[in-house]
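One structure is given below, encoded as structure tokens.
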Amino acid sequence: MNHVPAYSRITGTGSHLPEKILTNADLEKTLDTSDQWIRERTGIQQRHIAAEGETTGDLAYEAALKALQAADVSASELDMIVVGTTTPDLVFPSTACLLQSRLGANGCAAMDVNAACSGFIYALGVADNFIRSGAKQKVLVVGAETLTRMVDWTDRSTAVLFGDGAGAVVLEASEEPGVLSTHLHADGGYADLLAATAGVSKGFKAEERGGLKITMKGNEVFKVAVRTLGRIVTETLEAHGMVKSDIDFLVPHQANLRIINATAKALGMDMDQVVVTVDKHGNTSSASVPMALDVAVRSGQIKPGMTVLLEAFGGGFTWGSALIKM
Ligand code: UT7
């Protein structure tokens with residue numbers, strides 16, 4: 001029988017952004033918008049856009065290589081790959097399978113998890129539970145997206161928000177505290193507030209449905225997001241008998257600086273305890289939390305021993321958190 005470890009633990013992080021940058025000034029040329037509106041309402045200054053032919057899998061591969069290197073783990077040691085994504089390269093094989101083969105980790109379990117912007121937190125929750133059951137020991141967890149592929153570039157209410165990228169972590173069985181808990185939720189009753197307009201079973205002929213694009217009632221999503229993230233923070237703290245001041249650092253989903261500020265305020269945190277990448281990355285859905293985590297780890301903002309809260313909210317609605325001892 002497999003040994004059952006006390007914890008799973010993050011042993012390495014990595015991230016990757018496509019080269020091309022689209023600034024607010026670029027968007028001003030094609031849309032009825034302004035740099036001032038985008039900065040004031042979202043905090044976004046620029047976003048990265050995948051090149052033609054550059055896929056979610058390509059971004060995931062680069063992020064995965066960096067995470068494996070940081071963890072000093074070779075791909076052949078992995079016994080599972082979980083990729084959070086809403087924009088897979090293909091319907092199947094999964095992006096995780098394509099990534100597995102490219103990394104040379106053939107034979108290990110590999111699957112995608114679609115939970116929109118909460119995709120990485122969900123993928124982390126899946127991986128943590130597999131490790132703590134004793135079934136897996138070394139898991140690569142990725143959040144990767146090319147969301148701009150389904151952006152309607154004529155719709156100013158969504159076109160200014162999204163960007164592409166990938167982040168990854170290596171999660172390993174450990175007797176030392178690592179992931180303390182994950183908390184995952186969804187409410188499909190809100191499906192109409194944030195969705196894609198086309199899919200396989202609904203119909204592949206996207207053009208007949210006005211194209212494959214993201215539709216969002218932003219203002220309504222905003223209100224539910226702020227309320228829901230407040231609740232998940234409380235749920236996470238209560239699960240451990242902790243108080244707000246026990247959290248050393250916050251890694252929030254990067255959708256809107258105003259939502260991030262609201263969560264930080266609810267936690268009584270200074271903004272120097274919060275990683276902010278939305279200004280440079282935009283909203284990268286599943287990739288946002290692992291990219292922000294990698295930025296904070298590599299910049300030294302997150303230090304070993306810190307108690308870190310990860311949280312996300314997205315289409316579905318889905319939402320979740322992970323409390324982690326680094
Ligand atoms: O990651 C998944 C979860 N997603 C989110 O968490 C996103 C949540 N929502 C948001 O971040 C915000 O609601 C948005 C940034 C999307 C929008 O900000 P808002 O302050 O809620 O704006 P609004 O939708 O209430 O629109 C206010 C005004 C409207 O004009 P009127 O009707 O007041 O004349 C919009 O037409 O702003 C207008 N507007 C814009 N103006 C210039 C909307 N988009 C733009 C734009 N440039 N890009």
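Residues in the structure tokens are named by chain (A, B, ... in the order shown) and by number from 1 within that chain; ligands are numbered from 1 in the order shown.
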Using only C-alpha atoms, what table do you get, as a Markdown table, when you list each residue of segment 231-316 of chain A with an atom no more than 10 Å from segment 139-149 of chain A, its nearest pair of atoms, and their distance in Å rounded to one decimal, rows by chain then rising number?
| residue | atom | partner | partner_atom | distance |
| --- | --- | --- | --- | --- |
| A:Asn283 | CA | A:Leu147 | CA | 8.9 |
| A:Thr284 | CA | A:Glu145 | CA | 6.5 |
| A:Ser285 | CA | A:Glu145 | CA | 6.8 |
| A:Ser286 | CA | A:Gly143 | CA | 4.7 |
| A:Ala287 | CA | A:Gly143 | CA | 4.3 |
| A:Ser288 | CA | A:Gly143 | CA | 7.6 |
| A:Val289 | CA | A:Gly143 | CA | 7.9 |
| A:Pro290 | CA | A:Gly143 | CA | 6.5 |
| A:Met291 | CA | A:Gly143 | CA | 8.3 |
Output N, CA, C and O atoms for every residue in that selection, as a PDB file, in the first residue's frame.
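The resulting file, again07.pdb, is reproduced below:
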ATOM      1  N   ASN A 283      -6.565  40.023 -17.414  1.00  0.00           N
ATOM      2  CA  ASN A 283      -7.200  38.836 -16.823  1.00  0.00           C
ATOM      3  C   ASN A 283      -6.843  37.621 -17.694  1.00  0.00           C
ATOM      4  O   ASN A 283      -7.305  37.512 -18.830  1.00  0.00           O
ATOM      5  N   THR A 284      -6.047  36.726 -17.144  1.00  0.00           N
ATOM      6  CA  THR A 284      -5.610  35.538 -17.912  1.00  0.00           C
ATOM      7  C   THR A 284      -6.319  34.274 -17.424  1.00  0.00           C
ATOM      8  O   THR A 284      -5.819  33.162 -17.642  1.00  0.00           O
ATOM      9  N   SER A 285      -7.463  34.434 -16.794  1.00  0.00           N
ATOM     10  CA  SER A 285      -8.294  33.295 -16.382  1.00  0.00           C
ATOM     11  C   SER A 285      -7.481  32.296 -15.544  1.00  0.00           C
ATOM     12  O   SER A 285      -6.843  32.690 -14.579  1.00  0.00           O
ATOM     13  N   SER A 286      -7.476  31.027 -15.933  1.00  0.00           N
ATOM     14  CA  SER A 286      -6.786  29.986 -15.141  1.00  0.00           C
ATOM     15  C   SER A 286      -5.312  30.286 -14.885  1.00  0.00           C
ATOM     16  O   SER A 286      -4.727  29.771 -13.930  1.00  0.00           O
ATOM     17  N   ALA A 287      -4.695  31.073 -15.776  1.00  0.00           N
ATOM     18  CA  ALA A 287      -3.257  31.325 -15.655  1.00  0.00           C
ATOM     19  C   ALA A 287      -2.947  32.409 -14.635  1.00  0.00           C
ATOM     20  O   ALA A 287      -1.797  32.555 -14.192  1.00  0.00           O
ATOM     21  N   SER A 288      -3.961  33.157 -14.226  1.00  0.00           N
ATOM     22  CA  SER A 288      -3.680  34.367 -13.457  1.00  0.00           C
ATOM     23  C   SER A 288      -3.077  34.078 -12.081  1.00  0.00           C
ATOM     24  O   SER A 288      -2.066  34.677 -11.698  1.00  0.00           O
ATOM     25  N   VAL A 289      -3.651  33.142 -11.341  1.00  0.00           N
ATOM     26  CA  VAL A 289      -3.140  32.857  -9.988  1.00  0.00           C
ATOM     27  C   VAL A 289      -1.726  32.229 -10.028  1.00  0.00           C
ATOM     28  O   VAL A 289      -0.830  32.704  -9.319  1.00  0.00           O
ATOM     29  N   PRO A 290      -1.481  31.189 -10.846  1.00  0.00           N
ATOM     30  CA  PRO A 290      -0.121  30.626 -10.828  1.00  0.00           C
ATOM     31  C   PRO A 290       0.939  31.577 -11.371  1.00  0.00           C
ATOM     32  O   PRO A 290       2.091  31.539 -10.932  1.00  0.00           O
ATOM     33  N   MET A 291       0.562  32.455 -12.327  1.00  0.00           N
ATOM     34  CA  MET A 291       1.544  33.447 -12.801  1.00  0.00           C
ATOM     35  C   MET A 291       1.847  34.455 -11.702  1.00  0.00           C
ATOM     36  O   MET A 291       3.009  34.814 -11.475  1.00  0.00           O
TER      37      MET A 291
END
Taking only C-alpha atoms and all ligand atoms into account, report as a short mmCIF file (atom, residue, chain, number, x, y, z; two decimals) with all heavy atoms, in the first residue's frame which residues have an atom no farther than 6 Å from an atom of ligand 1.
data_model
loop_
_atom_site.label_atom_id
_atom_site.label_comp_id
_atom_site.auth_asym_id
_atom_site.auth_seq_id
_atom_site.Cartn_x
_atom_site.Cartn_y
_atom_site.Cartn_z
N THR A 33 -12.78 53.55 -26.44
CA THR A 33 -12.35 53.40 -25.05
C THR A 33 -11.18 54.34 -24.80
O THR A 33 -10.72 55.02 -25.71
CB THR A 33 -11.96 51.93 -24.75
OG1 THR A 33 -11.79 51.76 -23.35
CG2 THR A 33 -10.68 51.52 -25.47
N SER A 34 -10.73 54.39 -23.56
CA SER A 34 -9.57 55.24 -23.27
C SER A 34 -8.68 54.56 -22.23
O SER A 34 -9.16 53.76 -21.41
CB SER A 34 -10.03 56.60 -22.71
OG SER A 34 -10.64 56.39 -21.45
N TRP A 37 -10.05 55.23 -18.78
CA TRP A 37 -11.19 54.39 -18.34
C TRP A 37 -10.68 53.00 -17.93
O TRP A 37 -11.05 52.50 -16.86
CB TRP A 37 -12.24 54.26 -19.45
CG TRP A 37 -13.52 53.62 -18.96
CD1 TRP A 37 -14.64 54.25 -18.54
CD2 TRP A 37 -13.78 52.21 -18.80
NE1 TRP A 37 -15.59 53.33 -18.13
CE2 TRP A 37 -15.09 52.07 -18.28
CE3 TRP A 37 -13.05 51.04 -19.02
CZ2 TRP A 37 -15.67 50.84 -17.99
CZ3 TRP A 37 -13.63 49.80 -18.73
CH2 TRP A 37 -14.93 49.71 -18.23
N ILE A 38 -9.83 52.41 -18.77
CA ILE A 38 -9.39 51.03 -18.50
C ILE A 38 -8.59 50.99 -17.19
O ILE A 38 -8.81 50.12 -16.34
CB ILE A 38 -8.55 50.46 -19.67
CG1 ILE A 38 -9.35 50.49 -20.97
CG2 ILE A 38 -8.11 49.03 -19.36
CD1 ILE A 38 -8.54 50.17 -22.22
N ARG A 41 -11.08 51.77 -14.11
CA ARG A 41 -12.12 50.76 -13.83
C ARG A 41 -11.57 49.36 -13.61
O ARG A 41 -12.24 48.52 -13.03
CB ARG A 41 -13.16 50.71 -14.98
CG ARG A 41 -13.84 52.02 -15.32
CD ARG A 41 -14.37 52.78 -14.14
NE ARG A 41 -15.44 52.10 -13.43
CZ ARG A 41 -15.86 52.42 -12.20
NH1 ARG A 41 -15.27 53.41 -11.54
NH2 ARG A 41 -16.83 51.75 -11.64
N THR A 42 -10.34 49.09 -14.13
CA THR A 42 -9.80 47.71 -14.03
C THR A 42 -8.39 47.62 -13.46
O THR A 42 -8.01 46.56 -12.97
CB THR A 42 -9.76 47.02 -15.42
OG1 THR A 42 -8.69 47.62 -16.19
CG2 THR A 42 -11.06 47.17 -16.17
N CYS A 117 -12.03 30.86 -14.68
CA CYS A 117 -10.94 31.57 -14.00
C CYS A 117 -10.48 30.88 -12.72
O CYS A 117 -9.40 31.18 -12.21
CB CYS A 117 -11.35 33.00 -13.70
SG CYS A 117 -11.66 33.96 -15.18
N ARG A 156 -16.12 46.64 -26.52
CA ARG A 156 -15.21 47.31 -25.58
C ARG A 156 -15.39 46.83 -24.14
O ARG A 156 -14.49 46.97 -23.30
CB ARG A 156 -15.38 48.83 -25.64
CG ARG A 156 -16.72 49.32 -25.09
CD ARG A 156 -16.80 50.83 -25.08
NE ARG A 156 -18.06 51.26 -24.47
CZ ARG A 156 -18.38 52.52 -24.25
NH1 ARG A 156 -17.53 53.48 -24.59
NH2 ARG A 156 -19.53 52.83 -23.69
N SER A 157 -16.57 46.26 -23.83
CA SER A 157 -16.82 45.86 -22.44
C SER A 157 -16.05 44.59 -22.05
O SER A 157 -15.87 44.31 -20.87
CB SER A 157 -18.32 45.68 -22.18
OG SER A 157 -18.79 44.55 -22.85
N VAL A 160 -11.06 44.77 -23.56
CA VAL A 160 -9.96 45.43 -22.85
C VAL A 160 -9.46 44.58 -21.67
O VAL A 160 -8.45 44.91 -21.05
CB VAL A 160 -10.39 46.82 -22.32
CG1 VAL A 160 -10.87 47.70 -23.48
CG2 VAL A 160 -11.47 46.72 -21.25
N GLY A 218 -20.63 42.48 -16.89
CA GLY A 218 -19.51 42.80 -16.00
C GLY A 218 -19.91 43.33 -14.64
O GLY A 218 -19.39 42.89 -13.61
N ASN A 219 -20.85 44.28 -14.66
CA ASN A 219 -21.23 44.93 -13.41
C ASN A 219 -21.84 43.94 -12.43
O ASN A 219 -21.55 43.97 -11.22
CB ASN A 219 -22.22 46.05 -13.74
CG ASN A 219 -22.27 47.08 -12.65
OD1 ASN A 219 -22.92 46.84 -11.66
ND2 ASN A 219 -21.54 48.17 -12.82
N VAL A 221 -21.36 40.63 -12.48
CA VAL A 221 -20.30 39.69 -12.09
C VAL A 221 -19.45 40.31 -10.98
O VAL A 221 -19.12 39.65 -9.98
CB VAL A 221 -19.39 39.33 -13.30
CG1 VAL A 221 -18.23 38.44 -12.86
CG2 VAL A 221 -20.19 38.65 -14.40
N PHE A 222 -19.15 41.58 -11.15
CA PHE A 222 -18.32 42.31 -10.18
C PHE A 222 -18.90 42.19 -8.77
O PHE A 222 -18.21 41.84 -7.81
CB PHE A 222 -18.24 43.78 -10.61
CG PHE A 222 -17.31 44.63 -9.79
CD1 PHE A 222 -16.02 44.87 -10.23
CD2 PHE A 222 -17.71 45.17 -8.57
CE1 PHE A 222 -15.15 45.65 -9.47
CE2 PHE A 222 -16.85 45.94 -7.81
CZ PHE A 222 -15.57 46.19 -8.26
N ALA A 225 -18.75 38.69 -7.40
CA ALA A 225 -17.34 38.32 -7.15
C ALA A 225 -16.87 38.87 -5.80
O ALA A 225 -16.29 38.14 -4.99
CB ALA A 225 -16.45 38.83 -8.28
N ALA A 255 -8.44 39.82 -11.96
CA ALA A 255 -9.47 40.22 -12.93
C ALA A 255 -9.64 41.73 -12.94
O ALA A 255 -9.81 42.33 -14.00
CB ALA A 255 -10.81 39.56 -12.59
N ASN A 256 -9.56 42.32 -11.76
CA ASN A 256 -9.85 43.75 -11.64
C ASN A 256 -9.21 44.25 -10.35
O ASN A 256 -9.43 43.67 -9.29
CB ASN A 256 -11.38 43.94 -11.61
CG ASN A 256 -11.76 45.40 -11.65
OD1 ASN A 256 -11.18 46.23 -10.96
ND2 ASN A 256 -12.74 45.72 -12.48
N SER A 285 -7.46 34.43 -16.79
CA SER A 285 -8.29 33.30 -16.38
C SER A 285 -7.48 32.30 -15.54
O SER A 285 -6.84 32.69 -14.58
CB SER A 285 -8.92 32.66 -17.63
OG SER A 285 -9.85 31.68 -17.28
N PHE A 313 -12.19 33.52 -8.74
CA PHE A 313 -13.63 33.56 -9.02
C PHE A 313 -13.79 33.65 -10.53
O PHE A 313 -13.06 34.39 -11.18
CB PHE A 313 -14.25 34.79 -8.36
CG PHE A 313 -15.72 34.94 -8.63
CD1 PHE A 313 -16.65 34.36 -7.79
CD2 PHE A 313 -16.17 35.64 -9.75
CE1 PHE A 313 -18.01 34.47 -8.04
CE2 PHE A 313 -17.53 35.77 -10.01
CZ PHE A 313 -18.46 35.18 -9.15
N GLY A 314 -14.73 32.89 -11.10
CA GLY A 314 -14.89 32.98 -12.54
C GLY A 314 -16.16 32.38 -13.07
O GLY A 314 -17.08 32.04 -12.31
N GLY A 315 -16.22 32.25 -14.40
CA GLY A 315 -17.41 31.78 -15.10
C GLY A 315 -17.89 30.44 -14.57
O GLY A 315 -17.10 29.57 -14.20
#
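Those residues that approach segment 238-253 of chain A to within 6 Å, counting only C-alpha atoms, are A:Glu235, A:Leu267, A:Gln273, A:Val274, A:Val275, A:Ser288, A:Val289, A:Met306, A:Thr307, A:Val308, A:Leu309, A:Leu310, A:Glu311, A:Ala312; same-chain residues fewer than 3 positions away are not listed.
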**Report entry** Neighbour list for segment 72-86 of chain A as a PyMOL selection string, cut-off 8 Å, only C-alpha atoms, skip fewer than 4 positions in-chain
**Finding:** chain A and resi 12+68+95-96+100+103-116+119-120+122-124+126-127+136-145+147+286-287
Selected residues written out, C-alpha atoms, as a CSV table (one decimal), in the first residue's frame:
chain,number,residue,atom,x,y,z
A,12,GLY,CA,8.7,24.9,-7.6
A,68,LEU,CA,10.2,21.6,-13.0
A,95,THR,CA,-3.8,19.9,-23.3
A,96,ALA,CA,-2.5,17.9,-20.3
A,100,GLN,CA,2.8,15.3,-21.1
A,103,LEU,CA,7.7,17.0,-21.6
A,104,GLY,CA,8.5,13.3,-22.0
A,105,ALA,CA,6.4,12.3,-19.0
A,106,ASN,CA,4.6,9.6,-21.0
A,107,GLY,CA,2.6,7.1,-18.9
A,108,CYS,CA,1.6,9.3,-16.0
A,109,ALA,CA,-2.0,10.4,-15.5
A,110,ALA,CA,-2.9,13.6,-17.4
A,111,MET,CA,-6.2,15.6,-17.5
A,112,ASP,CA,-7.6,19.0,-18.0
A,113,VAL,CA,-9.9,20.8,-15.6
A,114,ASN,CA,-12.3,23.4,-16.9
A,115,ALA,CA,-13.4,25.8,-14.1
A,116,ALA,CA,-12.9,29.0,-16.1
A,119,GLY,CA,-9.2,26.5,-13.1
A,120,PHE,CA,-5.8,26.6,-11.4
A,122,TYR,CA,-9.5,23.5,-9.0
A,123,ALA,CA,-6.5,21.8,-10.5
A,124,LEU,CA,-4.5,22.4,-7.3
A,126,VAL,CA,-7.5,17.8,-7.5
A,127,ALA,CA,-3.7,17.3,-7.3
A,136,LYS,CA,0.3,10.2,-6.5
A,137,GLN,CA,3.6,11.7,-5.2
A,138,LYS,CA,4.7,14.3,-7.8
A,139,VAL,CA,2.2,16.3,-9.7
A,140,LEU,CA,2.6,19.1,-12.2
A,141,VAL,CA,-0.3,21.6,-11.8
A,142,VAL,CA,-0.7,24.2,-14.6
A,143,GLY,CA,-3.1,27.1,-15.4
A,144,ALA,CA,-2.8,28.1,-19.0
A,145,GLU,CA,-5.0,30.1,-21.4
A,147,LEU,CA,-8.4,33.5,-23.9
A,286,SER,CA,-6.8,30.0,-15.1
A,287,ALA,CA,-3.3,31.3,-15.7
Query raised in the report: So, counting only C-alpha atoms, which residue among A:Leu59, A:Ala322, A:Ile214, A:Val278 is closest to Arg47 of chain A?
Result: A:Val278
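Residue nearest Thr30 of chain A within the list A:Glu52, A:Asp128, A:Asp155, A:Glu62: A:Asp155 [criterion: smallest interatomic distance, only C-alpha atoms].
The spacing separating atom CA of Thr11 of chain A from atom CA of Gly165 of chain A amounts to 20.9 Å.
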Report task. Among the residues of segment 143-300 of chain A, find those DSSP assigns to strand (DSSP E or B) from the backbone and print them as a VMD selection string. Result -> chain A and resid 143 to 146 162 164 to 174 179 to 186 194 to 196 199 203 214 to 216 249 to 252 274 283
Query raised in the report: Counting only C-alpha atoms, what is within 7 Å of Phe317 of chain A, bar same-chain residues fewer than 3 positions away, as a ChimeraX atom specification?
Result: /A:186-188,190-191,314
Could those residues be written to a file, using all heavy atoms, as an mmCIF file, in the first residue's frame?
data_model
loop_
_atom_site.group_PDB
_atom_site.id
_atom_site.type_symbol
_atom_site.label_atom_id
_atom_site.label_comp_id
_atom_site.auth_asym_id
_atom_site.auth_seq_id
_atom_site.Cartn_x
_atom_site.Cartn_y
_atom_site.Cartn_z
ATOM 1 N N ALA A 186 -19.104 26.018 -6.754
ATOM 2 C CA ALA A 186 -19.660 26.482 -8.037
ATOM 3 C C ALA A 186 -21.151 26.730 -7.869
ATOM 4 O O ALA A 186 -21.793 26.145 -6.989
ATOM 5 C CB ALA A 186 -19.426 25.436 -9.120
ATOM 6 N N ASP A 187 -21.689 27.605 -8.725
ATOM 7 C CA ASP A 187 -23.131 27.811 -8.799
ATOM 8 C C ASP A 187 -23.503 28.051 -10.257
ATOM 9 O O ASP A 187 -23.353 29.160 -10.782
ATOM 10 C CB ASP A 187 -23.549 29.007 -7.923
ATOM 11 C CG ASP A 187 -25.070 29.150 -7.859
ATOM 12 O OD1 ASP A 187 -25.765 28.571 -8.722
ATOM 13 O OD2 ASP A 187 -25.561 29.833 -6.943
ATOM 14 N N GLY A 188 -23.963 26.967 -10.908
ATOM 15 C CA GLY A 188 -24.318 27.033 -12.327
ATOM 16 C C GLY A 188 -25.541 27.893 -12.600
ATOM 17 O O GLY A 188 -25.844 28.184 -13.765
ATOM 18 N N TYR A 190 -25.670 30.887 -12.278
ATOM 19 C CA TYR A 190 -25.189 32.171 -12.795
ATOM 20 C C TYR A 190 -24.582 32.044 -14.198
ATOM 21 O O TYR A 190 -23.871 32.944 -14.635
ATOM 22 C CB TYR A 190 -24.123 32.756 -11.866
ATOM 23 C CG TYR A 190 -24.660 33.280 -10.545
ATOM 24 C CD1 TYR A 190 -24.555 32.535 -9.380
ATOM 25 C CD2 TYR A 190 -25.258 34.536 -10.478
ATOM 26 C CE1 TYR A 190 -25.022 33.018 -8.164
ATOM 27 C CE2 TYR A 190 -25.740 35.031 -9.269
ATOM 28 C CZ TYR A 190 -25.621 34.267 -8.122
ATOM 29 O OH TYR A 190 -26.087 34.762 -6.935
ATOM 30 N N ALA A 191 -24.854 30.921 -14.878
ATOM 31 C CA ALA A 191 -24.198 30.651 -16.171
ATOM 32 C C ALA A 191 -24.352 31.799 -17.170
ATOM 33 O O ALA A 191 -23.444 32.065 -17.961
ATOM 34 C CB ALA A 191 -24.745 29.349 -16.761
ATOM 35 N N GLY A 314 -14.730 32.893 -11.097
ATOM 36 C CA GLY A 314 -14.885 32.980 -12.544
ATOM 37 C C GLY A 314 -16.164 32.378 -13.071
ATOM 38 O O GLY A 314 -17.076 32.038 -12.306
#
Report task. Just the residues within 8 Å of Ser174 of chain A, please, counting only C-alpha atoms, with nothing from its chain fewer than 4 positions along; format it as a PyMOL selection string. Result -> chain A and resi 5-9+178
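Residue nearest Asp89 of chain A within the list A:Leu184, A:Ala60, A:Ala195, A:Ala70: A:Ala60 [criterion: smallest interatomic distance, only C-alpha atoms].
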Write out as a short mmCIF file (atom, residue, chain, number, x, y, z; two decimals) with C-alpha atoms, in the first residue's frame the residues lying within 9 Å of Ala266 of chain A, counting only C-alpha atoms and excluding same-chain residues fewer than 3 positions away.
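File produced: selection_13.cif:
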data_model
loop_
_atom_site.label_atom_id
_atom_site.label_comp_id
_atom_site.auth_asym_id
_atom_site.auth_seq_id
_atom_site.Cartn_x
_atom_site.Cartn_y
_atom_site.Cartn_z
CA GLY A 230 -15.34 37.74 1.03
CA VAL A 233 -11.86 34.04 2.79
CA LYS A 244 -7.17 37.54 9.29
CA ASN A 261 -8.39 45.94 -3.28
CA ALA A 262 -11.77 44.95 -1.80
CA THR A 263 -10.51 41.48 -0.81
CA MET A 269 -4.03 43.63 4.53
#
Requested in this report: Can you list, as a PyMOL selection string, all residues belonging to segment 190-294 of chain A that DSSP tags as helix (DSSP H, G or I)?
Outcome: chain A and resi 190-193+206-209+218-239+244-246+257-266+271-273+278-281+285-294
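Of the residues under consideration (A:Leu27, A:Thr55, A:Val91, A:Lys265), A:Val91 shows the shortest atom-to-atom contact distance to Val200 of chain A when counting only C-alpha atoms.
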